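Structure file entry32.cif (mmCIF, C-alpha atoms; chains and numbers go by the auth columns) is printed below.
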data_data
loop_
_atom_site.group_PDB
_atom_site.id
_atom_site.type_symbol
_atom_site.label_atom_id
_atom_site.label_comp_id
_atom_site.label_asym_id
_atom_site.label_seq_id
_atom_site.Cartn_x
_atom_site.Cartn_y
_atom_site.Cartn_z
_atom_site.B_iso_or_equiv
_atom_site.auth_seq_id
_atom_site.auth_asym_id
ATOM 1 C CA MET A 1 -139.456 78.569 102.971 0.00 1 R
ATOM 2 C CA PRO A 2 -142.408 79.330 105.275 0.00 2 R
ATOM 3 C CA LYS A 3 -145.849 77.761 105.339 0.00 3 R
ATOM 4 C CA LEU A 4 -149.192 79.335 104.490 0.00 4 R
ATOM 5 C CA THR A 5 -152.228 77.928 106.302 0.00 5 R
ATOM 6 C CA LEU A 6 -155.604 78.461 104.623 0.00 6 R
ATOM 7 C CA VAL A 7 -158.312 79.068 107.219 0.00 7 R
ATOM 8 C CA VAL A 8 -162.072 79.606 106.944 0.00 8 R
ATOM 9 C CA GLU A 9 -164.176 80.615 109.965 0.00 9 R
ATOM 10 C CA ARG A 10 -161.172 79.966 112.261 0.00 10 R
ATOM 11 C CA ARG A 11 -160.817 76.393 110.996 0.00 11 R
ATOM 12 C CA ALA A 12 -157.550 75.397 109.335 0.00 12 R
ATOM 13 C CA LEU A 13 -158.331 73.721 106.034 0.00 13 R
ATOM 14 C CA LYS A 14 -154.924 73.169 104.439 0.00 14 R
ATOM 15 C CA VAL A 15 -151.242 73.857 105.101 0.00 15 R
ATOM 16 C CA TYR A 16 -149.136 74.713 102.045 0.00 16 R
ATOM 17 C CA GLN A 17 -145.358 74.320 102.019 0.00 17 R
ATOM 18 C CA ILE A 18 -144.243 77.200 99.799 0.00 18 R
ATOM 19 C CA ASP A 19 -141.214 76.525 97.609 0.00 19 R
ATOM 20 C CA ARG A 20 -140.946 79.672 95.470 0.00 20 R
ATOM 21 C CA PRO A 21 -140.210 83.374 96.112 0.00 21 R
ATOM 22 C CA VAL A 22 -143.527 84.806 94.864 0.00 22 R
ATOM 23 C CA ILE A 23 -146.993 83.463 95.683 0.00 23 R
ATOM 24 C CA ARG A 24 -150.079 85.049 94.131 0.00 24 R
ATOM 25 C CA ILE A 25 -153.492 84.223 95.579 0.00 25 R
ATOM 26 C CA GLY A 26 -156.956 84.783 94.119 0.00 26 R
ATOM 27 C CA ARG A 27 -159.893 83.301 92.246 0.00 27 R
ATOM 28 C CA GLU A 28 -158.286 83.401 88.798 0.00 28 R
ATOM 29 C CA ALA A 29 -157.101 80.122 87.303 0.00 29 R
ATOM 30 C CA GLY A 30 -153.349 80.099 86.850 0.00 30 R
ATOM 31 C CA LEU A 31 -152.421 81.837 90.084 0.00 31 R
ATOM 32 C CA ASP A 32 -150.248 80.023 92.599 0.00 32 R
ATOM 33 C CA VAL A 33 -153.079 79.553 95.123 0.00 33 R
ATOM 34 C CA VAL A 34 -156.607 79.528 93.723 0.00 34 R
ATOM 35 C CA VAL A 35 -159.572 79.947 96.094 0.00 35 R
ATOM 36 C CA ASP A 36 -162.753 79.537 94.072 0.00 36 R
ATOM 37 C CA ASN A 37 -165.223 81.681 96.006 0.00 37 R
ATOM 38 C CA VAL A 38 -167.135 84.847 95.133 0.00 38 R
ATOM 39 C CA SER A 39 -165.797 86.622 98.227 0.00 39 R
ATOM 40 C CA VAL A 40 -162.277 86.418 96.732 0.00 40 R
ATOM 41 C CA SER A 41 -161.121 88.711 93.914 0.00 41 R
ATOM 42 C CA ARG A 42 -159.699 87.286 90.684 0.00 42 R
ATOM 43 C CA ARG A 43 -156.298 88.600 91.796 0.00 43 R
ATOM 44 C CA GLN A 44 -156.382 89.145 95.566 0.00 44 R
ATOM 45 C CA VAL A 45 -152.961 89.295 97.199 0.00 45 R
ATOM 46 C CA GLU A 46 -149.332 88.261 96.805 0.00 46 R
ATOM 47 C CA VAL A 47 -146.644 87.141 99.238 0.00 47 R
ATOM 48 C CA ARG A 48 -143.107 87.878 98.012 0.00 48 R
ATOM 49 C CA LEU A 49 -139.535 87.354 99.217 0.00 49 R
ATOM 50 C CA GLN A 50 -137.917 90.777 98.949 0.00 50 R
ATOM 51 C CA ASP A 51 -134.451 91.772 100.194 0.00 51 R
ATOM 52 C CA GLY A 52 -134.346 88.729 102.448 0.00 52 R
ATOM 53 C CA GLN A 53 -137.767 89.426 104.000 0.00 53 R
ATOM 54 C CA TRP A 54 -141.259 88.189 103.207 0.00 54 R
ATOM 55 C CA VAL A 55 -143.737 90.930 102.353 0.00 55 R
ATOM 56 C CA VAL A 56 -147.448 90.942 101.524 0.00 56 R
ATOM 57 C CA ARG A 57 -149.214 93.230 99.035 0.00 57 R
ATOM 58 C CA ASP A 58 -152.820 93.586 97.930 0.00 58 R
ATOM 59 C CA LEU A 59 -153.316 93.185 94.162 0.00 59 R
ATOM 60 C CA ASP A 60 -155.928 95.965 93.815 0.00 60 R
ATOM 61 C CA SER A 61 -158.651 93.559 94.946 0.00 61 R
ATOM 62 C CA GLY A 62 -162.281 94.633 95.058 0.00 62 R
ATOM 63 C CA ASN A 63 -162.809 94.288 98.815 0.00 63 R
ATOM 64 C CA GLY A 64 -159.232 94.741 99.980 0.00 64 R
ATOM 65 C CA THR A 65 -156.879 92.572 101.981 0.00 65 R
ATOM 66 C CA PHE A 66 -156.242 92.879 105.716 0.00 66 R
ATOM 67 C CA LEU A 67 -153.132 92.167 107.775 0.00 67 R
ATOM 68 C CA ASN A 68 -153.947 91.374 111.414 0.00 68 R
ATOM 69 C CA GLY A 69 -157.285 93.181 110.990 0.00 69 R
ATOM 70 C CA ARG A 70 -155.819 96.323 109.389 0.00 70 R
ATOM 71 C CA ARG A 71 -156.398 97.072 105.719 0.00 71 R
ATOM 72 C CA LEU A 72 -153.274 96.824 103.591 0.00 72 R
ATOM 73 C CA GLY A 73 -152.186 100.020 101.883 0.00 73 R
ATOM 74 C CA GLY A 74 -148.871 99.026 100.336 0.00 74 R
ATOM 75 C CA ALA A 75 -146.337 96.250 100.810 0.00 75 R
ATOM 76 C CA GLU A 76 -145.797 95.273 104.457 0.00 76 R
ATOM 77 C CA THR A 77 -143.271 92.955 106.057 0.00 77 R
ATOM 78 C CA LEU A 78 -144.579 89.645 107.405 0.00 78 R
ATOM 79 C CA LYS A 79 -143.612 87.972 110.643 0.00 79 R
ATOM 80 C CA ARG A 80 -144.476 84.528 111.935 0.00 80 R
ATOM 81 C CA GLY A 81 -148.110 84.230 112.985 0.00 81 R
ATOM 82 C CA ASP A 82 -149.398 87.179 110.920 0.00 82 R
ATOM 83 C CA GLU A 83 -152.933 86.775 109.569 0.00 83 R
ATOM 84 C CA ILE A 84 -153.681 87.812 105.980 0.00 84 R
ATOM 85 C CA SER A 85 -157.460 87.941 105.549 0.00 85 R
ATOM 86 C CA PHE A 86 -159.873 88.523 102.675 0.00 86 R
ATOM 87 C CA GLY A 87 -163.570 87.719 102.443 0.00 87 R
ATOM 88 C CA LYS A 88 -164.295 84.696 104.628 0.00 88 R
ATOM 89 C CA PHE A 89 -160.738 83.415 104.338 0.00 89 R
ATOM 90 C CA SER A 90 -157.430 83.870 106.112 0.00 90 R
ATOM 91 C CA LEU A 91 -153.862 82.818 105.393 0.00 91 R
ATOM 92 C CA PHE A 92 -151.625 82.477 108.435 0.00 92 R
ATOM 93 C CA PHE A 93 -147.965 83.083 107.702 0.00 93 R
ATOM 94 C CA ASP A 94 -145.678 80.310 108.991 0.00 94 R
ATOM 95 C CA HIS A 95 -148.187 79.354 111.680 0.00 95 R
ATOM 96 C CA VAL A 96 -150.890 76.682 112.032 0.00 96 R
ATOM 97 C CA PRO A 97 -153.614 78.068 114.368 0.00 97 R
ATOM 98 C CA ALA A 98 -155.674 74.844 114.541 0.00 98 R
ATOM 99 C CA GLU A 99 -155.602 71.183 113.560 0.00 99 R
ATOM 100 C CA PRO A 100 -155.231 71.199 109.766 0.00 100 R
ATOM 101 C CA ALA A 101 -155.651 68.753 106.964 0.00 101 R
ATOM 102 C CA PRO A 102 -152.404 67.100 105.791 0.00 102 R
ATOM 103 C CA GLU A 103 -149.716 69.390 104.430 0.00 103 R
ATOM 104 C CA LEU A 104 -149.582 69.959 100.670 0.00 104 R
ATOM 105 C CA ASN A 105 -146.273 70.740 99.000 0.00 105 R
ATOM 106 C CA ALA A 106 -146.545 73.092 96.035 0.00 106 R
ATOM 107 C CA SER A 107 -144.311 70.988 93.844 0.00 107 R
ATOM 108 C CA LYS A 108 -146.138 67.729 94.596 0.00 108 R
ATOM 109 C CA ALA A 109 -149.792 68.868 94.767 0.00 109 R
ATOM 110 C CA ALA A 110 -152.108 66.185 93.449 0.00 110 R
ATOM 111 C CA SER A 111 -154.530 68.908 92.328 0.00 111 R
ATOM 112 C CA ALA A 112 -151.901 71.122 90.704 0.00 112 R
ATOM 113 C CA GLU A 113 -152.560 72.414 87.194 0.00 113 R
ATOM 114 C CA PRO A 114 -149.792 73.293 84.707 0.00 114 R
ATOM 115 C CA GLY A 115 -147.704 76.039 86.273 0.00 115 R
ATOM 116 C CA ARG A 116 -148.020 74.301 89.668 0.00 116 R
ATOM 117 C CA THR A 117 -151.183 76.183 90.556 0.00 117 R
ATOM 118 C CA LEU A 118 -152.525 75.070 93.928 0.00 118 R
ATOM 119 C CA LEU A 119 -156.232 74.279 93.692 0.00 119 R
ATOM 120 C CA LEU A 120 -158.680 73.248 96.362 0.00 120 R
ATOM 121 C CA LYS A 121 -160.060 69.794 95.663 0.00 121 R
ATOM 122 C CA PRO A 122 -163.824 69.492 94.879 0.00 122 R
ATOM 123 C CA GLU A 123 -164.581 67.994 98.303 0.00 123 R
ATOM 124 C CA GLU A 124 -162.698 70.858 99.997 0.00 124 R
ATOM 125 C CA LEU A 125 -164.642 73.451 97.983 0.00 125 R
ATOM 126 C CA ALA A 126 -167.913 71.733 98.888 0.00 126 R
ATOM 127 C CA ARG A 127 -166.965 71.814 102.558 0.00 127 R
ATOM 128 C CA LEU A 128 -166.059 75.501 102.332 0.00 128 R
ATOM 129 C CA ARG A 129 -169.328 76.390 100.597 0.00 129 R
ATOM 130 C CA THR A 130 -171.337 74.456 103.196 0.00 130 R
ATOM 131 C CA THR A 131 -169.513 76.182 106.053 0.00 131 R
ATOM 132 C CA ILE A 132 -170.040 79.636 104.545 0.00 132 R
ATOM 133 C CA ALA A 133 -173.726 78.975 103.813 0.00 133 R
ATOM 134 C CA GLU A 134 -174.281 77.865 107.401 0.00 134 R
ATOM 135 C CA LYS A 135 -172.551 80.967 108.745 0.00 135 R
ATOM 136 C CA ARG A 136 -174.819 83.183 106.661 0.00 136 R
ATOM 137 C CA ARG A 137 -177.904 81.936 108.505 0.00 137 R
ATOM 138 C CA ALA A 138 -179.247 83.893 111.425 0.00 138 R
ATOM 139 C CA HIS A 139 -177.815 82.566 114.701 0.00 139 R
ATOM 140 C CA LEU A 140 -178.081 83.095 118.420 0.00 140 R
ATOM 141 C CA ARG A 141 -174.936 83.359 120.485 0.00 141 R
ATOM 142 C CA TRP A 142 -175.833 82.308 124.008 0.00 142 R
ATOM 143 C CA GLN A 143 -174.267 82.299 127.465 0.00 143 R
ATOM 144 C CA ALA A 144 -175.798 80.577 130.496 0.00 144 R
ATOM 145 C CA GLY A 145 -174.530 78.828 133.614 0.00 145 R
ATOM 146 C CA GLY A 146 -170.891 79.243 132.608 0.00 146 R
ATOM 147 C CA ALA A 147 -171.479 77.632 129.202 0.00 147 R
ATOM 148 C CA GLU A 148 -171.760 79.286 125.789 0.00 148 R
ATOM 149 C CA GLY A 149 -172.422 78.406 122.172 0.00 149 R
ATOM 150 C CA THR A 150 -174.245 79.262 118.960 0.00 150 R
ATOM 151 C CA PHE A 151 -177.635 78.067 117.747 0.00 151 R
ATOM 152 C CA PRO A 152 -178.849 78.389 114.125 0.00 152 R
ATOM 153 C CA LEU A 153 -182.290 79.874 113.490 0.00 153 R
ATOM 154 C CA THR A 154 -184.633 78.526 110.827 0.00 154 R
ATOM 155 C CA ASP A 155 -187.969 79.659 109.421 0.00 155 R
ATOM 156 C CA GLY A 156 -189.784 78.099 112.388 0.00 156 R
ATOM 157 C CA SER A 157 -189.949 79.210 116.018 0.00 157 R
ATOM 158 C CA VAL A 158 -187.396 78.343 118.690 0.00 158 R
ATOM 159 C CA VAL A 159 -188.267 78.027 122.387 0.00 159 R
ATOM 160 C CA VAL A 160 -185.385 78.756 124.768 0.00 160 R
ATOM 161 C CA GLY A 161 -185.325 77.591 128.378 0.00 161 R
ATOM 162 C CA ARG A 162 -184.571 74.883 130.958 0.00 162 R
ATOM 163 C CA SER A 163 -187.265 72.378 129.991 0.00 163 R
ATOM 164 C CA ASP A 164 -186.436 69.221 128.036 0.00 164 R
ATOM 165 C CA LEU A 165 -189.123 70.345 125.574 0.00 165 R
ATOM 166 C CA CYS A 166 -187.174 73.483 124.608 0.00 166 R
ATOM 167 C CA ASP A 167 -185.412 73.659 121.260 0.00 167 R
ATOM 168 C CA LEU A 168 -182.446 75.415 122.869 0.00 168 R
ATOM 169 C CA ARG A 169 -182.078 73.973 126.367 0.00 169 R
ATOM 170 C CA MET A 170 -179.650 75.234 129.007 0.00 170 R
ATOM 171 C CA GLU A 171 -179.224 75.222 132.762 0.00 171 R
ATOM 172 C CA CYS A 172 -179.472 78.680 134.292 0.00 172 R
ATOM 173 C CA ARG A 173 -181.551 80.799 136.627 0.00 173 R
ATOM 174 C CA GLY A 174 -184.979 81.413 135.111 0.00 174 R
ATOM 175 C CA PRO A 175 -188.273 79.800 134.124 0.00 175 R
ATOM 176 C CA LYS A 176 -188.560 76.531 132.232 0.00 176 R
ATOM 177 C CA HIS A 177 -189.583 78.372 129.086 0.00 177 R
ATOM 178 C CA HIS A 178 -187.659 81.636 128.901 0.00 178 R
ATOM 179 C CA LEU A 179 -188.627 83.060 125.547 0.00 179 R
ATOM 180 C CA LEU A 180 -189.701 82.445 121.978 0.00 180 R
ATOM 181 C CA ILE A 181 -187.625 83.425 118.943 0.00 181 R
ATOM 182 C CA GLY A 182 -189.502 83.318 115.645 0.00 182 R
ATOM 183 C CA ARG A 183 -189.868 84.944 112.264 0.00 183 R
ATOM 184 C CA ASP A 184 -192.051 88.002 111.815 0.00 184 R
ATOM 185 C CA GLY A 185 -192.152 88.335 108.041 0.00 185 R
ATOM 186 C CA SER A 186 -188.576 88.955 106.907 0.00 186 R
ATOM 187 C CA ARG A 187 -187.336 89.639 110.458 0.00 187 R
ATOM 188 C CA PHE A 188 -186.956 87.681 113.674 0.00 188 R
ATOM 189 C CA GLU A 189 -188.849 88.548 116.844 0.00 189 R
ATOM 190 C CA ALA A 190 -188.160 87.767 120.514 0.00 190 R
ATOM 191 C CA ARG A 191 -191.120 87.266 122.861 0.00 191 R
ATOM 192 C CA ASN A 192 -190.944 86.853 126.644 0.00 192 R
ATOM 193 C CA LEU A 193 -192.781 83.691 127.801 0.00 193 R
ATOM 194 C CA SER A 194 -192.263 84.290 131.530 0.00 194 R
ATOM 195 C CA ARG A 195 -194.639 86.041 133.919 0.00 195 R
ATOM 196 C CA TRP A 196 -191.975 86.497 136.574 0.00 196 R
ATOM 197 C CA TYR A 197 -188.739 87.201 134.727 0.00 197 R
ATOM 198 C CA ARG A 198 -188.280 90.427 132.800 0.00 198 R
ATOM 199 C CA MET A 199 -186.711 90.356 129.353 0.00 199 R
ATOM 200 C CA ARG A 200 -184.357 93.157 128.370 0.00 200 R
ATOM 201 C CA VAL A 201 -183.262 93.909 124.818 0.00 201 R
ATOM 202 C CA ASN A 202 -180.165 96.104 124.681 0.00 202 R
ATOM 203 C CA GLY A 203 -180.839 96.989 128.314 0.00 203 R
ATOM 204 C CA GLU A 204 -184.465 98.094 127.757 0.00 204 R
ATOM 205 C CA PRO A 205 -187.379 96.143 129.335 0.00 205 R
ATOM 206 C CA ARG A 206 -189.490 94.556 126.576 0.00 206 R
ATOM 207 C CA THR A 207 -192.166 91.905 126.323 0.00 207 R
ATOM 208 C CA ARG A 208 -191.509 91.428 122.612 0.00 208 R
ATOM 209 C CA ALA A 209 -189.085 92.985 120.175 0.00 209 R
ATOM 210 C CA THR A 210 -188.132 92.808 116.514 0.00 210 R
ATOM 211 C CA LEU A 211 -184.465 91.830 116.383 0.00 211 R
ATOM 212 C CA ARG A 212 -181.629 93.460 114.486 0.00 212 R
ATOM 213 C CA ASP A 213 -178.099 92.217 113.994 0.00 213 R
ATOM 214 C CA GLY A 214 -176.147 92.501 117.256 0.00 214 R
ATOM 215 C CA ASP A 215 -179.166 92.927 119.563 0.00 215 R
ATOM 216 C CA GLU A 216 -178.509 91.596 123.069 0.00 216 R
ATOM 217 C CA ILE A 217 -181.271 89.817 124.995 0.00 217 R
ATOM 218 C CA ALA A 218 -181.108 89.148 128.743 0.00 218 R
ATOM 219 C CA ILE A 219 -183.618 87.202 130.847 0.00 219 R
ATOM 220 C CA GLY A 220 -182.826 85.558 134.181 0.00 220 R
ATOM 221 C CA GLY A 221 -179.339 84.058 133.920 0.00 221 R
ATOM 222 C CA LEU A 222 -179.467 83.805 130.138 0.00 222 R
ATOM 223 C CA ARG A 223 -177.692 86.117 127.714 0.00 223 R
ATOM 224 C CA LEU A 224 -178.313 85.972 123.971 0.00 224 R
ATOM 225 C CA THR A 225 -176.914 87.925 121.038 0.00 225 R
ATOM 226 C CA PHE A 226 -178.890 87.840 117.792 0.00 226 R
ATOM 227 C CA MET A 227 -176.767 87.777 114.666 0.00 227 R
ATOM 228 C CA ASP A 228 -177.864 87.864 111.048 0.00 228 R
ATOM 229 C CA GLU A 229 -174.476 86.316 110.236 0.00 229 R
ATOM 230 C CA VAL A 230 -171.923 84.677 112.523 0.00 230 R
ATOM 231 C CA ARG A 231 -168.536 86.426 112.204 0.00 231 R
#
Could you render the structure from this file as structure tokens?
Amino acid sequence: MPKLTLVVERRALKVYQIDRPVIRIGREAGLDVVVDNVSVSRRQVEVRLQDGQWVVRDLDSGNGTFLNGRRLGGAETLKRGDEISFGKFSLFFDHVPAEPAPELNASKAASAEPGRTLLLKPEELARLRTTIAEKRRAHLRWQAGGAEGTFPLTDGSVVVGRSDLCDLRMECRGPKHHLLIGRDGSRFEARNLSRWYRMRVNGEPRTRATLRDGDEIAIGGLRLTFMDEVR
């Protein structure tokens, strides 16, 4: 029998050794794999052994199920490494994409309910909820000097530049204080703090700009992408 690896935000949370021919996944208690999150339908998807092959089928879920980024229409055959995704979650078929928590066998699950339902433990659910909440915050994706990363934005202002006094500090061509990112009511705004370096937002020269999801900011050797939600 193959494995199913539960992943959230590209992080492997748990590997399940599957020991039965039909696995149903969703939020509803009593299913084989229960993921208690509002982004998951009560009955989301099933994986089934059919005519000697494993197939996946959406269970008329509200937001649909995707196989390798393509929305499922009917039953489709699975191969090793395929990604079944729904909401913020993915299940990798017979493949572990990252360092997981210890494997959990369906027949020996410590958190199994009658009917051998696989449940996430309370601490795992708490970790998932924290991860999802963090990803829903506005973030900056940045690239500078061959390095890259993400930086969460809060209600306060963030100064970006080379100085040790900057909130987001990086080594790259440009002034010590590149720019200021702060809230303007319900939106975020970027403001150029340099007299010598020009700021561009989506390729257009700007001294200040209200930011929308996906906007790209360039100043000196720094590149930023504003995101309402990291995906």
Compile the contact shell of range 78-85 of chain R as a PDB file with C-alpha atoms, in the coordinates of the input: residues with an atom at most 10 Å away, counting only C-alpha atoms, same-chain residues fewer than 6 positions apart removed.
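Full text of around_15.pdb as output:
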ATOM      1  CA  PRO R   2    -142.408  79.330 105.275  1.00  0.00           C
ATOM      2  CA  LYS R   3    -145.849  77.761 105.339  1.00  0.00           C
ATOM      3  CA  LEU R   4    -149.192  79.335 104.490  1.00  0.00           C
ATOM      4  CA  THR R   5    -152.228  77.928 106.302  1.00  0.00           C
ATOM      5  CA  LEU R   6    -155.604  78.461 104.623  1.00  0.00           C
ATOM      6  CA  VAL R   7    -158.312  79.068 107.219  1.00  0.00           C
ATOM      7  CA  VAL R   8    -162.072  79.606 106.944  1.00  0.00           C
ATOM      8  CA  VAL R  45    -152.961  89.295  97.199  1.00  0.00           C
ATOM      9  CA  VAL R  47    -146.644  87.141  99.238  1.00  0.00           C
ATOM     10  CA  ARG R  48    -143.107  87.878  98.012  1.00  0.00           C
ATOM     11  CA  LEU R  49    -139.535  87.354  99.217  1.00  0.00           C
ATOM     12  CA  GLN R  53    -137.767  89.426 104.000  1.00  0.00           C
ATOM     13  CA  TRP R  54    -141.259  88.189 103.207  1.00  0.00           C
ATOM     14  CA  VAL R  55    -143.737  90.930 102.353  1.00  0.00           C
ATOM     15  CA  VAL R  56    -147.448  90.942 101.524  1.00  0.00           C
ATOM     16  CA  ARG R  57    -149.214  93.230  99.035  1.00  0.00           C
ATOM     17  CA  ASP R  58    -152.820  93.586  97.930  1.00  0.00           C
ATOM     18  CA  GLY R  64    -159.232  94.741  99.980  1.00  0.00           C
ATOM     19  CA  THR R  65    -156.879  92.572 101.981  1.00  0.00           C
ATOM     20  CA  PHE R  66    -156.242  92.879 105.716  1.00  0.00           C
ATOM     21  CA  LEU R  67    -153.132  92.167 107.775  1.00  0.00           C
ATOM     22  CA  ASN R  68    -153.947  91.374 111.414  1.00  0.00           C
ATOM     23  CA  GLY R  69    -157.285  93.181 110.990  1.00  0.00           C
ATOM     24  CA  ARG R  70    -155.819  96.323 109.389  1.00  0.00           C
ATOM     25  CA  ARG R  71    -156.398  97.072 105.719  1.00  0.00           C
ATOM     26  CA  LEU R  72    -153.274  96.824 103.591  1.00  0.00           C
ATOM     27  CA  LEU R  91    -153.862  82.818 105.393  1.00  0.00           C
ATOM     28  CA  PHE R  92    -151.625  82.477 108.435  1.00  0.00           C
ATOM     29  CA  PHE R  93    -147.965  83.083 107.702  1.00  0.00           C
ATOM     30  CA  ASP R  94    -145.678  80.310 108.991  1.00  0.00           C
ATOM     31  CA  HIS R  95    -148.187  79.354 111.680  1.00  0.00           C
ATOM     32  CA  VAL R  96    -150.890  76.682 112.032  1.00  0.00           C
ATOM     33  CA  PRO R  97    -153.614  78.068 114.368  1.00  0.00           C
TER      34      PRO R  97
END
Note to self: Here's the selection I'm unsure about, the PyMOL selection byres ((chain R and resi 181) around 9); applied to the file above, which residues does it give, as a ChimeraX atom specification?
What the structure shows: /R:153,156-160,179-180,182-183,188-191
Notebook entry, point to check: What gap, in Å, lies between CA of Gly149 in chain R and CA of Val40 in chain R?
Noted result: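 Computing the Euclidean distance for CA of Gly149 in chain R and CA of Val40 in chain R yields 28.5 Å.
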Next item on the list: Return the single residue from R:Thr154, R:Thr210, R:Asn63, R:Ser194 that is closest to Val38 in chain R, with distances computed using only C-alpha atoms.
Entry: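 So, comparing all the options, the nearest one is R:Asn63.
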Next item on the list: Could you please determine the separation between CA of Asn202 in chain R and CA of Cys172 in chain R in Å, to one decimal place?
Entry: 19.9 Å
Checklist line | Interatomic distance, CA of Arg223 in chain R to CA of Trp142 in chain R (Å, one decimal) | finding: 5.6 Å
